[in-house]
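Next comes structure.cif, a file with mmCIF, C-alpha atoms.
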data_target
loop_
_atom_site.group_PDB
_atom_site.id
_atom_site.type_symbol
_atom_site.label_atom_id
_atom_site.label_comp_id
_atom_site.auth_asym_id
_atom_site.auth_seq_id
_atom_site.Cartn_x
_atom_site.Cartn_y
_atom_site.Cartn_z
ATOM 1 C CA MET Y 832 -28.413 -4.405 13.015
ATOM 2 C CA MET Y 833 -24.793 -3.512 12.316
ATOM 3 C CA PHE Y 834 -22.687 -1.862 9.671
ATOM 4 C CA ARG Y 835 -19.338 -2.563 8.107
ATOM 5 C CA LEU Y 836 -17.726 0.520 6.695
ATOM 6 C CA THR Y 837 -17.167 0.682 2.962
ATOM 7 C CA PHE Y 838 -14.629 3.038 1.432
ATOM 8 C CA PRO Y 839 -15.888 4.275 -1.951
ATOM 9 C CA LEU Y 840 -13.311 5.305 -4.544
ATOM 10 C CA THR Y 841 -14.605 6.587 -7.855
ATOM 11 C CA LEU Y 842 -12.653 7.711 -10.902
ATOM 12 C CA VAL Y 843 -14.626 10.698 -12.140
ATOM 13 C CA ALA Y 844 -12.911 11.295 -15.479
ATOM 14 C CA ALA Y 845 -9.662 10.121 -17.007
ATOM 15 C CA LEU Y 846 -7.827 10.374 -20.294
ATOM 16 C CA PHE Y 847 -5.568 7.486 -19.347
ATOM 17 C CA THR Y 848 -5.434 4.669 -16.820
ATOM 18 C CA SER Y 849 -4.337 5.854 -13.390
ATOM 19 C CA PRO Y 850 -1.782 3.905 -11.329
ATOM 20 C CA ALA Y 851 -3.026 1.567 -8.636
ATOM 21 C CA GLN Y 852 -1.600 3.686 -5.827
ATOM 22 C CA ALA Y 853 -3.688 6.474 -4.372
ATOM 23 C CA VAL Y 854 -4.033 8.720 -1.392
ATOM 24 C CA TRP Y 855 -4.596 6.946 1.903
ATOM 25 C CA PHE Y 856 -5.968 7.982 5.273
ATOM 26 C CA ASN Y 857 -4.939 6.909 8.766
ATOM 27 C CA SER Y 858 -8.485 5.860 9.693
ATOM 28 C CA LEU Y 859 -11.554 4.506 7.920
ATOM 29 C CA ILE Y 860 -13.824 6.291 10.370
ATOM 30 C CA TYR Y 861 -13.134 9.684 11.854
ATOM 31 C CA ASP Y 862 -14.870 10.602 15.081
ATOM 32 C CA ILE Y 863 -14.972 13.812 17.074
ATOM 33 C CA PRO Y 864 -15.082 12.977 20.806
ATOM 34 C CA SER Y 865 -17.731 14.482 23.049
ATOM 35 C CA ASP Y 866 -15.263 16.881 24.645
ATOM 36 C CA LYS Y 867 -13.645 18.068 21.393
ATOM 37 C CA THR Y 868 -14.782 20.546 18.750
ATOM 38 C CA PHE Y 869 -12.351 19.495 16.015
ATOM 39 C CA ILE Y 870 -9.916 16.782 14.947
ATOM 40 C CA SER Y 871 -6.711 16.978 12.919
ATOM 41 C CA ARG Y 872 -5.745 14.087 10.656
ATOM 42 C CA PRO Y 873 -3.027 13.401 8.068
ATOM 43 C CA ILE Y 874 -3.579 12.567 4.443
ATOM 44 C CA VAL Y 875 -0.726 10.904 2.510
ATOM 45 C CA ASN Y 876 -0.021 10.979 -1.223
ATOM 46 C CA ASP Y 877 1.673 7.706 -2.142
ATOM 47 C CA THR Y 878 1.516 8.301 -5.901
ATOM 48 C CA ASP Y 879 4.472 9.377 -8.059
ATOM 49 C CA ARG Y 880 2.964 12.776 -8.886
ATOM 50 C CA THR Y 881 2.017 16.007 -7.141
ATOM 51 C CA ASN Y 882 -1.729 16.134 -6.514
ATOM 52 C CA LEU Y 883 -4.303 18.774 -5.675
ATOM 53 C CA TYR Y 884 -6.833 17.855 -2.957
ATOM 54 C CA THR Y 885 -10.177 19.439 -2.157
ATOM 55 C CA LEU Y 886 -12.536 18.594 0.717
ATOM 56 C CA SER Y 887 -16.296 18.718 1.153
ATOM 57 C CA ALA Y 888 -18.802 17.153 3.557
ATOM 58 C CA TYR Y 889 -22.516 16.620 3.927
ATOM 59 C CA LYS Y 890 -24.792 15.243 6.637
ATOM 60 C CA ILE Y 891 -26.382 11.782 6.374
ATOM 61 C CA ASP Y 892 -29.000 10.013 8.473
ATOM 62 C CA LYS Y 893 -26.702 7.106 9.340
ATOM 63 C CA PRO Y 894 -23.937 5.012 7.743
ATOM 64 C CA GLY Y 895 -24.418 1.469 6.526
ATOM 65 C CA LYS Y 896 -27.187 -0.489 4.875
ATOM 66 C CA GLY Y 897 -30.497 1.358 4.771
ATOM 67 C CA GLY Y 898 -28.806 4.668 5.520
ATOM 68 C CA GLU Y 899 -26.694 7.237 3.713
ATOM 69 C CA ARG Y 900 -29.692 9.460 3.011
ATOM 70 C CA ARG Y 901 -28.492 13.012 2.663
ATOM 71 C CA ILE Y 902 -29.932 15.473 5.206
ATOM 72 C CA ASP Y 903 -30.472 19.075 4.216
ATOM 73 C CA GLY Y 904 -29.611 21.853 6.612
ATOM 74 C CA GLY Y 905 -26.393 20.395 7.974
ATOM 75 C CA ALA Y 906 -24.016 22.365 5.774
ATOM 76 C CA GLN Y 907 -22.914 24.687 8.581
ATOM 77 C CA GLU Y 908 -22.459 21.972 11.215
ATOM 78 C CA ILE Y 909 -19.155 20.744 9.775
ATOM 79 C CA LEU Y 910 -16.322 22.996 8.602
ATOM 80 C CA TRP Y 911 -12.919 21.990 7.278
ATOM 81 C CA SER Y 912 -9.517 23.532 6.695
ATOM 82 C CA PRO Y 913 -7.751 23.946 4.381
ATOM 83 C CA LEU Y 914 -10.304 24.004 1.577
ATOM 84 C CA LYS Y 915 -7.710 22.792 -0.906
ATOM 85 C CA PHE Y 916 -4.024 21.905 -0.810
ATOM 86 C CA THR Y 917 -1.293 20.197 -2.828
ATOM 87 C CA ILE Y 918 0.866 17.284 -1.716
ATOM 88 C CA ALA Y 919 4.106 16.195 -3.379
ATOM 89 C CA PRO Y 920 4.804 12.511 -4.141
ATOM 90 C CA ASP Y 921 5.203 10.501 -0.908
ATOM 91 C CA GLY Y 922 4.327 13.649 1.028
ATOM 92 C CA SER Y 923 1.653 14.289 3.647
ATOM 93 C CA GLU Y 924 -0.463 17.140 4.941
ATOM 94 C CA TYR Y 925 -2.764 17.635 7.911
ATOM 95 C CA PHE Y 926 -6.332 18.853 7.638
ATOM 96 C CA LYS Y 927 -8.908 19.729 10.297
ATOM 97 C CA LEU Y 928 -12.608 18.973 10.639
ATOM 98 C CA TYR Y 929 -14.617 21.256 12.936
ATOM 99 C CA TYR Y 930 -18.011 20.574 14.518
ATOM 100 C CA ARG Y 931 -20.269 23.626 14.964
ATOM 101 C CA GLY Y 932 -23.612 21.915 15.480
ATOM 102 C CA PRO Y 933 -26.012 21.461 18.415
ATOM 103 C CA GLN Y 934 -24.641 20.568 21.866
ATOM 104 C CA ASP Y 935 -27.056 17.798 22.833
ATOM 105 C CA ASP Y 936 -27.346 14.017 23.374
ATOM 106 C CA GLN Y 937 -27.719 13.059 19.703
ATOM 107 C CA GLU Y 938 -24.998 11.431 17.622
ATOM 108 C CA ARG Y 939 -24.505 12.832 14.110
ATOM 109 C CA TYR Y 940 -23.052 11.390 10.924
ATOM 110 C CA TYR Y 941 -21.394 12.970 7.889
ATOM 111 C CA ARG Y 942 -19.869 11.803 4.630
ATOM 112 C CA VAL Y 943 -16.515 13.506 4.009
ATOM 113 C CA VAL Y 944 -15.413 13.583 0.367
ATOM 114 C CA PHE Y 945 -11.844 14.075 -0.845
ATOM 115 C CA LYS Y 946 -11.100 14.786 -4.504
ATOM 116 C CA GLU Y 947 -7.638 14.164 -5.899
ATOM 117 C CA ALA Y 948 -6.365 15.526 -9.221
ATOM 118 C CA PRO Y 949 -2.816 15.675 -10.602
ATOM 119 C CA VAL Y 950 -1.262 19.129 -10.850
ATOM 120 C CA ARG Y 951 -0.567 19.932 -14.498
ATOM 121 C CA LEU Y 952 2.247 22.185 -15.646
ATOM 122 C CA PHE Y 953 0.400 23.133 -18.813
ATOM 123 C CA PRO Y 954 -3.055 24.654 -19.358
ATOM 124 C CA LEU Y 955 -5.959 22.605 -20.624
ATOM 125 C CA ALA Y 956 -6.769 23.156 -24.270
ATOM 126 C CA GLU Y 957 -10.108 22.347 -25.862
ATOM 127 C CA THR Y 958 -10.439 22.029 -29.618
ATOM 128 C CA ARG Y 959 -13.019 20.545 -31.922
ATOM 129 C CA ARG Y 960 -10.903 17.421 -32.334
ATOM 130 C CA ASN Y 961 -9.320 17.050 -28.934
ATOM 131 C CA LEU Y 962 -10.297 17.531 -25.292
ATOM 132 C CA ASN Y 963 -7.766 17.286 -22.489
ATOM 133 C CA ILE Y 964 -9.277 15.687 -19.400
ATOM 134 C CA ILE Y 965 -7.692 15.664 -15.964
ATOM 135 C CA PRO Y 966 -8.249 12.427 -14.016
ATOM 136 C CA VAL Y 967 -10.112 13.199 -10.795
ATOM 137 C CA THR Y 968 -10.382 10.548 -8.102
ATOM 138 C CA ALA Y 969 -13.119 10.938 -5.483
ATOM 139 C CA MET Y 970 -12.649 9.186 -2.136
ATOM 140 C CA SER Y 971 -14.818 9.382 0.930
ATOM 141 C CA THR Y 972 -15.049 8.306 4.539
ATOM 142 C CA ILE Y 973 -17.466 8.635 7.451
ATOM 143 C CA LEU Y 974 -17.225 11.273 10.171
ATOM 144 C CA ILE Y 975 -19.105 10.527 13.405
ATOM 145 C CA VAL Y 976 -19.653 13.309 15.933
ATOM 146 C CA ARG Y 977 -20.234 11.747 19.311
ATOM 147 C CA PRO Y 978 -23.000 13.341 21.401
ATOM 148 C CA ARG Y 979 -21.921 16.302 23.488
ATOM 149 C CA GLN Y 980 -23.826 14.546 26.304
ATOM 150 C CA SER Y 981 -22.561 11.026 25.686
ATOM 151 C CA ARG Y 982 -23.926 7.837 27.279
ATOM 152 C CA PHE Y 983 -21.851 4.739 26.544
ATOM 153 C CA ALA Y 984 -23.800 1.545 27.380
ATOM 154 C CA TRP Y 985 -24.551 -1.941 26.074
ATOM 155 C CA HIS Y 986 -26.296 -5.212 26.907
ATOM 156 C CA VAL Y 987 -25.005 -8.698 26.111
ATOM 157 C CA ASP Y 988 -26.664 -12.072 26.609
ATOM 158 C CA GLU Y 989 -24.285 -14.913 25.776
ATOM 159 C CA LYS Y 990 -27.014 -17.556 26.195
ATOM 160 C CA THR Y 991 -29.262 -16.092 23.493
ATOM 161 C CA GLY Y 992 -26.351 -14.662 21.460
ATOM 162 C CA VAL Y 993 -27.477 -11.029 21.650
ATOM 163 C CA ILE Y 994 -25.536 -7.773 21.771
ATOM 164 C CA GLU Y 995 -27.405 -4.457 22.004
ATOM 165 C CA ASN Y 996 -26.136 -0.890 21.900
ATOM 166 C CA THR Y 997 -28.266 0.686 24.628
ATOM 167 C CA GLY Y 998 -26.358 3.958 24.771
ATOM 168 C CA ASN Y 999 -26.409 6.982 22.476
ATOM 169 C CA THR Y 1000 -23.039 6.570 20.739
ATOM 170 C CA TYR Y 1001 -21.514 4.019 18.377
ATOM 171 C CA PHE Y 1002 -18.887 1.375 19.118
ATOM 172 C CA ARG Y 1003 -16.970 -1.396 17.350
ATOM 173 C CA VAL Y 1004 -17.450 -5.058 18.251
ATOM 174 C CA ILE Y 1005 -14.704 -7.680 17.949
ATOM 175 C CA ILE Y 1006 -15.612 -11.360 18.300
ATOM 176 C CA HIS Y 1007 -12.659 -13.767 18.375
ATOM 177 C CA ASN Y 1008 -12.763 -17.415 17.379
ATOM 178 C CA GLY Y 1009 -12.594 -19.087 20.767
ATOM 179 C CA CYS Y 1010 -10.963 -17.651 23.878
ATOM 180 C CA ASN Y 1011 -7.499 -17.400 22.315
ATOM 181 C CA GLY Y 1012 -8.331 -16.033 18.887
ATOM 182 C CA ASP Y 1013 -6.789 -12.926 17.330
ATOM 183 C CA ASP Y 1014 -8.092 -9.798 15.624
ATOM 184 C CA GLU Y 1015 -7.018 -10.942 12.144
ATOM 185 C CA SER Y 1016 -9.415 -13.907 12.122
ATOM 186 C CA SER Y 1017 -12.147 -12.217 14.159
ATOM 187 C CA THR Y 1018 -15.594 -10.937 13.231
ATOM 188 C CA GLN Y 1019 -15.707 -7.144 13.452
ATOM 189 C CA PHE Y 1020 -18.490 -4.615 12.894
ATOM 190 C CA TYR Y 1021 -19.854 -1.315 14.171
ATOM 191 C CA MET Y 1022 -23.083 -0.825 16.110
ATOM 192 C CA LEU Y 1023 -25.021 2.435 16.165
ATOM 193 C CA PRO Y 1024 -27.263 3.502 19.064
ATOM 194 C CA GLY Y 1025 -30.283 1.182 19.213
ATOM 195 C CA ASP Y 1026 -28.682 -1.536 17.057
ATOM 196 C CA LYS Y 1027 -29.153 -5.197 17.988
ATOM 197 C CA TYR Y 1028 -26.983 -8.087 16.814
ATOM 198 C CA GLN Y 1029 -27.885 -11.744 17.335
ATOM 199 C CA ASP Y 1030 -25.723 -14.694 16.331
ATOM 200 C CA SER Y 1031 -24.420 -17.923 17.814
ATOM 201 C CA ASN Y 1032 -20.867 -16.503 17.783
ATOM 202 C CA VAL Y 1033 -21.822 -14.305 20.768
ATOM 203 C CA SER Y 1034 -21.626 -17.436 22.933
ATOM 204 C CA ALA Y 1035 -19.486 -17.639 26.074
ATOM 205 C CA GLY Y 1036 -16.985 -19.763 24.130
ATOM 206 C CA ASN Y 1037 -15.777 -16.772 22.110
ATOM 207 C CA ARG Y 1038 -13.827 -13.832 23.504
ATOM 208 C CA LYS Y 1039 -15.508 -10.512 22.733
ATOM 209 C CA PHE Y 1040 -14.632 -6.831 23.057
ATOM 210 C CA ILE Y 1041 -16.230 -3.477 22.505
ATOM 211 C CA VAL Y 1042 -13.804 -0.861 21.196
ATOM 212 C CA ALA Y 1043 -14.638 2.776 21.915
ATOM 213 C CA MET Y 1044 -12.954 5.897 23.263
ATOM 214 C CA GLU Y 1045 -9.545 4.363 22.464
ATOM 215 C CA ARG Y 1046 -10.132 1.455 24.845
ATOM 216 C CA TYR Y 1047 -10.950 -2.263 24.688
ATOM 217 C CA HIS Y 1048 -13.904 -3.148 26.921
ATOM 218 C CA PRO Y 1049 -14.413 -6.887 27.731
ATOM 219 C CA LEU Y 1050 -17.818 -8.044 26.523
ATOM 220 C CA GLY Y 1051 -19.523 -10.876 28.390
ATOM 221 C CA SER Y 1052 -17.882 -13.101 30.978
ATOM 222 C CA GLY Y 1053 -17.217 -16.454 29.300
ATOM 223 C CA CYS Y 1054 -13.562 -16.008 28.366
ATOM 224 C CA PHE Y 1055 -12.810 -13.522 31.141
ATOM 225 C CA SER Y 1056 -13.802 -15.654 34.134
ATOM 226 C CA PRO Y 1057 -10.960 -16.450 36.586
ATOM 227 C CA GLN Y 1058 -9.341 -19.769 35.795
ATOM 228 C CA PRO Y 1059 -9.344 -22.401 38.603
#
As structure tokens, what does this structure read like?
Amino acid sequence: MMFRLTFPLTLVAALFTSPAQAVWFNSLIYDIPSDKTFISRPIVNDTDRTNLYTLSAYKIDKPGKGGERRIDGGAQEILWSPLKFTIAPDGSEYFKLYYRGPQDDQERYYRVVFKEAPVRLFPLAETRRNLNIIPVTAMSTILIVRPRQSRFAWHVDEKTGVIENTGNTYFRVIIHNGCNGDDESSTQFYMLPGDKYQDSNVSAGNRKFIVAMERYHPLGSGCFSPQP
């Protein structure tokens, strides 16, 4: 089992075609480390107009295929600031996400939604013949709150081609093509606690890493054995 993050972008309503550029984030997945209660991240407006941004979030069971089921009762676990803000063209602004949930050994997942709308200098006017519509773009990403009591562990068997996440927090796996491959041509995916991945590319002939807590952890021994 594994998941590759998707980054939904939905145009809610538009009177005209929007330009291809849009807001961008500095990470596809946000995570709050075990020893932190909040994170601060930038959001950049690379359009040619001033935009208004609003944030919201809701709890999900897990990201990826077979997940994304909304969980009730998690509304007070995640807070954010500011609630709304404007950013000028090519400008940026920082926002914060706060975790206020249980302090235990369980990892938690949230969908964070950003809505972007251009700031108009004239009021909307509705008539029987005409309706002005502001284009609103909805973008979202995943927030993962690592367990307050984190246990980072895995198992790899290069002979059977198996990687297992045996801990209680997620990590990213990078599998290079051969022992001298690079990240650009590699296979990459995320593994949640309890996930198992099996494929022939886990063999000792391919260099592998686990990425977590801002570190690369060598996976297996095939490409890391001392050379004679």
Hey, which of Y:Gln1029, Y:Asn1037, Y:Gln907, Y:Ser1017 ends up closest to Asn996 in chain Y? Count only C-alpha atoms.
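Distance minimum relative to Asn996 in chain Y lands on Y:Gln1029.
Each of Y:Val950, Y:Val976, Y:Val987, Y:Val875 was checked against Gly1051 in chain Y using all atoms listed in the file; the smallest atom-to-atom distance is that of Y:Val987.
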Can you translate the PyMOL selection byres ((chain Y and resi 910) around 6) into the concrete residues it hits in this file, as a list in words?
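Selection result, ordered by chain and number: Ile909, Trp911, Leu928 and Tyr929 of chain Y.
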Nearest residue to Lys890 in chain Y from the set Y:Gly992, Y:Pro913, Y:Gly932, Y:Pro920 (distances using all atoms listed in the file):
Y:Gly932
Using all atoms listed in the file, pick whichever of Y:Gly1036, Y:Pro1049, Y:Pro966, Y:Gly905 has the shortest atom-to-atom distance to Asp892 in chain Y.
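Looking at the shortest contact to Asp892 in chain Y, the residue is Y:Gly905.
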